[in-house]
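Engineer: Here it is: the structure, laid out below.
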Amino acid sequence: MSIPELCERIQNTWVSRTISESTWGYPIVGALHVLAIALFGMAVLIPHIRLHDSDLDTDGRWIRRIGMSLVLISGVLVFSSGAARYYESTSFRIKMGLLALIALNAVSSRRHRSRFNSAVAMVLWGAMIFASRGIAFF
Amino acid sequence: MAEFIKQSWVFPVVQSVHLIGLTVLVGSICLVDLRLLGVGRGVGRGVGRCQHIADFASAVAPWTKRGLLMVLITGPLMFGSDLTRYLNNPAFLLKMGLLAVALAGQFTLHRRAVRDAGTSTALTQKIAAVLSLIVWSSIVLAGRAIADFDIRIV
């Protein structure tokens, strides 16, 4: 099965159709995605910011895990509601590429997080917001 | 100026900066609120484990200010680009009302709750945190809903 075919399948599942065919489905799922980012985005950035020289890193580990899960779940739901259209979007592809780089950067800094890793993470997260907004345009 | 912002590529760029500012602002407030509610304290083995809530809040405060500065610059830019659109949009008007409530609460109730908190919190401080989470979340949702409640004037 090719990727476009897979996308067609995804957007024809019961969950996807419920979101895309109801009046409030997409606005609600989309709003929850943005809300999760607004509430927990900072928790993800905290380990990369040295606050008052004390590393608050492990402090919010569970907040970060739960927050990221909410962002990812709502994001997958948004994607599934129009998978074929998202797959076609250049901006969406850039966004997924950035997400992969973020994951790679996180894995590579698992044992030791350098200032370089932190700087890269901040830039990638910022770029992700731009790419997300870009989906509506290209 | 308004026309320049309305141009196809400028508006989404301003909007993206607004979103980044929003994440920094609301996200940093949310972390303090969660701490007031006892979440994120004593989890893991971090240096900040036993840190006082007021210390944690003051460490995060510069970021709250930076986020606020970003949204307060980009927000009026978007608003100024199309006054009729926003002034006729119920979601936008609700957002502004909520923003007034949130800012007033932030500098009174919330500030006092954080200041008086040690390593644990009383019920009133928890209530302040819940209210703060509700109001800021509503602002984000109302902001997102602006696009859903556009009344196009031809």
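Just remember, in the structure tokens the first chain shown is A, the second B, etc., residues are 1-based per chain, and ligands are 1-based in the order shown.
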Using backbone DSSP assignments, extract all helix (DSSP H, G or I) residues from chain A; output them as a tab-separated table (two decimals) with C-alpha atoms, in the first residue's frame.
Structural biologist:
```
chain	number	residue	atom	x	y	z
A	3	ILE	CA	1.45	6.30	1.47
A	4	PRO	CA	-1.39	8.25	-0.27
A	5	GLU	CA	-3.53	5.08	-0.09
A	6	LEU	CA	-2.70	4.70	3.58
A	7	CYS	CA	-3.71	8.33	4.16
A	8	GLU	CA	-7.03	7.70	2.40
A	9	ARG	CA	-7.61	4.75	4.69
A	10	ILE	CA	-6.75	6.75	7.77
A	11	GLN	CA	-9.15	9.54	6.93
A	14	TRP	CA	-14.67	5.99	12.03
A	15	VAL	CA	-12.75	8.39	14.29
A	16	SER	CA	-11.49	10.51	11.39
A	17	ARG	CA	-14.91	10.77	9.77
A	18	THR	CA	-16.54	11.72	13.06
A	19	ILE	CA	-14.09	14.63	13.36
A	20	SER	CA	-14.18	15.80	9.75
A	21	GLU	CA	-17.92	15.40	9.14
A	25	GLY	CA	-15.28	18.11	15.46
A	26	TYR	CA	-12.34	19.78	13.78
A	27	PRO	CA	-12.53	23.14	15.65
A	28	ILE	CA	-12.60	21.27	18.99
A	29	VAL	CA	-9.74	18.87	18.22
A	30	GLY	CA	-7.69	21.69	16.68
A	31	ALA	CA	-8.33	23.92	19.69
A	32	LEU	CA	-7.28	21.14	22.09
A	33	HIS	CA	-4.04	20.71	20.13
A	34	VAL	CA	-3.25	24.43	20.45
A	35	LEU	CA	-4.28	24.45	24.12
A	36	ALA	CA	-2.01	21.50	24.92
A	37	ILE	CA	0.89	23.30	23.21
A	38	ALA	CA	0.18	26.53	25.11
A	39	LEU	CA	-0.11	24.80	28.49
A	40	PHE	CA	2.78	22.35	28.18
A	41	GLY	CA	5.12	23.85	25.57
A	42	MET	CA	7.02	25.68	28.26
A	43	ALA	CA	7.42	22.48	30.29
A	44	VAL	CA	9.22	21.01	27.29
A	45	LEU	CA	11.47	24.06	26.95
A	46	ILE	CA	12.32	24.32	30.68
A	47	PRO	CA	15.15	21.73	30.62
A	48	HIS	CA	16.80	23.79	27.88
A	57	ASP	CA	15.23	19.47	34.51
A	58	THR	CA	13.89	16.39	36.23
A	59	ASP	CA	11.39	18.41	38.21
A	60	GLY	CA	8.70	18.48	35.60
A	61	ARG	CA	9.40	15.15	33.95
A	62	TRP	CA	5.85	13.83	34.40
A	63	ILE	CA	4.24	17.12	33.45
A	64	ARG	CA	6.36	17.01	30.30
A	65	ARG	CA	5.45	13.43	29.49
A	66	ILE	CA	1.73	13.95	30.00
A	67	GLY	CA	1.80	17.29	28.16
A	68	MET	CA	3.65	15.88	25.16
A	69	SER	CA	1.24	12.93	25.05
A	70	LEU	CA	-1.73	15.33	24.91
A	71	VAL	CA	-0.07	17.35	22.12
A	72	LEU	CA	0.70	14.18	20.14
A	73	ILE	CA	-2.73	12.56	20.60
A	74	SER	CA	-4.61	15.73	19.58
A	75	GLY	CA	-2.14	16.22	16.71
A	76	VAL	CA	-2.71	12.69	15.41
A	77	LEU	CA	-6.48	13.28	15.56
A	78	VAL	CA	-6.16	16.54	13.60
A	79	PHE	CA	-4.00	14.74	11.02
A	80	SER	CA	-6.35	11.76	10.72
A	81	SER	CA	-9.33	14.03	9.97
A	83	ALA	CA	-4.67	12.76	6.24
A	84	ALA	CA	-4.49	12.93	2.42
A	85	ARG	CA	-4.58	16.74	2.42
A	86	TYR	CA	-1.93	16.99	5.15
A	87	TYR	CA	0.31	14.53	3.35
A	88	GLU	CA	0.20	16.76	0.26
A	90	THR	CA	4.82	20.90	1.95
A	91	SER	CA	4.58	22.74	5.24
A	92	PHE	CA	3.23	19.63	6.98
A	93	ARG	CA	6.13	17.58	5.62
A	94	ILE	CA	8.58	20.18	6.91
A	95	LYS	CA	6.79	20.04	10.28
A	96	MET	CA	7.17	16.25	10.46
A	97	GLY	CA	10.83	16.55	9.44
A	98	LEU	CA	11.38	19.03	12.27
A	99	LEU	CA	9.61	16.66	14.68
A	100	ALA	CA	11.97	13.87	13.63
A	101	LEU	CA	14.97	16.16	14.21
A	102	ILE	CA	13.61	17.09	17.65
A	103	ALA	CA	13.30	13.40	18.53
A	104	LEU	CA	16.80	12.72	17.21
A	105	ASN	CA	18.22	15.64	19.20
A	106	ALA	CA	16.42	14.42	22.34
A	107	VAL	CA	17.77	10.89	21.95
A	108	SER	CA	21.32	12.11	21.28
A	115	ARG	CA	24.32	23.84	25.38
A	116	PHE	CA	24.37	23.05	21.66
A	117	ASN	CA	21.61	20.43	22.11
A	118	SER	CA	19.52	22.95	24.02
A	119	ALA	CA	19.98	25.68	21.43
A	120	VAL	CA	19.07	23.26	18.63
A	121	ALA	CA	15.95	22.13	20.52
A	122	MET	CA	14.73	25.71	21.05
A	123	VAL	CA	15.27	26.64	17.39
A	124	LEU	CA	13.53	23.46	16.17
A	125	TRP	CA	10.50	23.99	18.44
A	126	GLY	CA	10.19	27.58	17.25
A	127	ALA	CA	10.48	26.48	13.63
A	128	MET	CA	7.75	23.91	14.27
A	129	ILE	CA	5.28	26.65	15.19
A	130	PHE	CA	6.07	28.48	11.94
A	131	ALA	CA	5.69	25.28	9.91
A	132	SER	CA	2.38	24.51	11.63
A	133	ARG	CA	0.97	27.91	10.70
A	134	GLY	CA	2.29	27.41	7.19
```
Engineer: Atom CA of Gly21 of chain B and atom CA of Val39 of chain B, how far apart in Å?
Structural biologist: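 A separation of 23.8 Å between them.
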Engineer: Find, counting only C-alpha atoms, the residue in A:Ser2, A:Asn12, A:Ser89, A:Thr23 that gets nearest to chain B.
Structural biologist: A:Thr23
Engineer: I want to know what sits within 12 Å of Met78 of chain B, based on only C-alpha atoms, with residues of the same chain fewer than 4 positions away left out; could you give that as JSON, numbers by chain?
Structural biologist: {"B": [1, 2, 3, 4, 5, 6, 7, 10, 11, 12, 13, 14, 15, 16, 17, 18, 71, 72, 73, 74, 82, 83, 84, 85, 86, 92, 143, 146]}
Engineer: Between B:Gln106, B:Asn89, B:Ser58, B:Ser28, single out the one closest to chain A, counting only C-alpha atoms.
Structural biologist: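 Ranked by minimum distance to chain A, first place goes to B:Ser28.
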Engineer: Considering only C-alpha atoms, state which residue in the set B:Ser137, B:Thr64, B:Thr108, B:Ser132 is at the smallest distance from chain A.
Structural biologist: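 Once distances to chain A are computed over only C-alpha atoms, the minimum belongs to B:Ser137.
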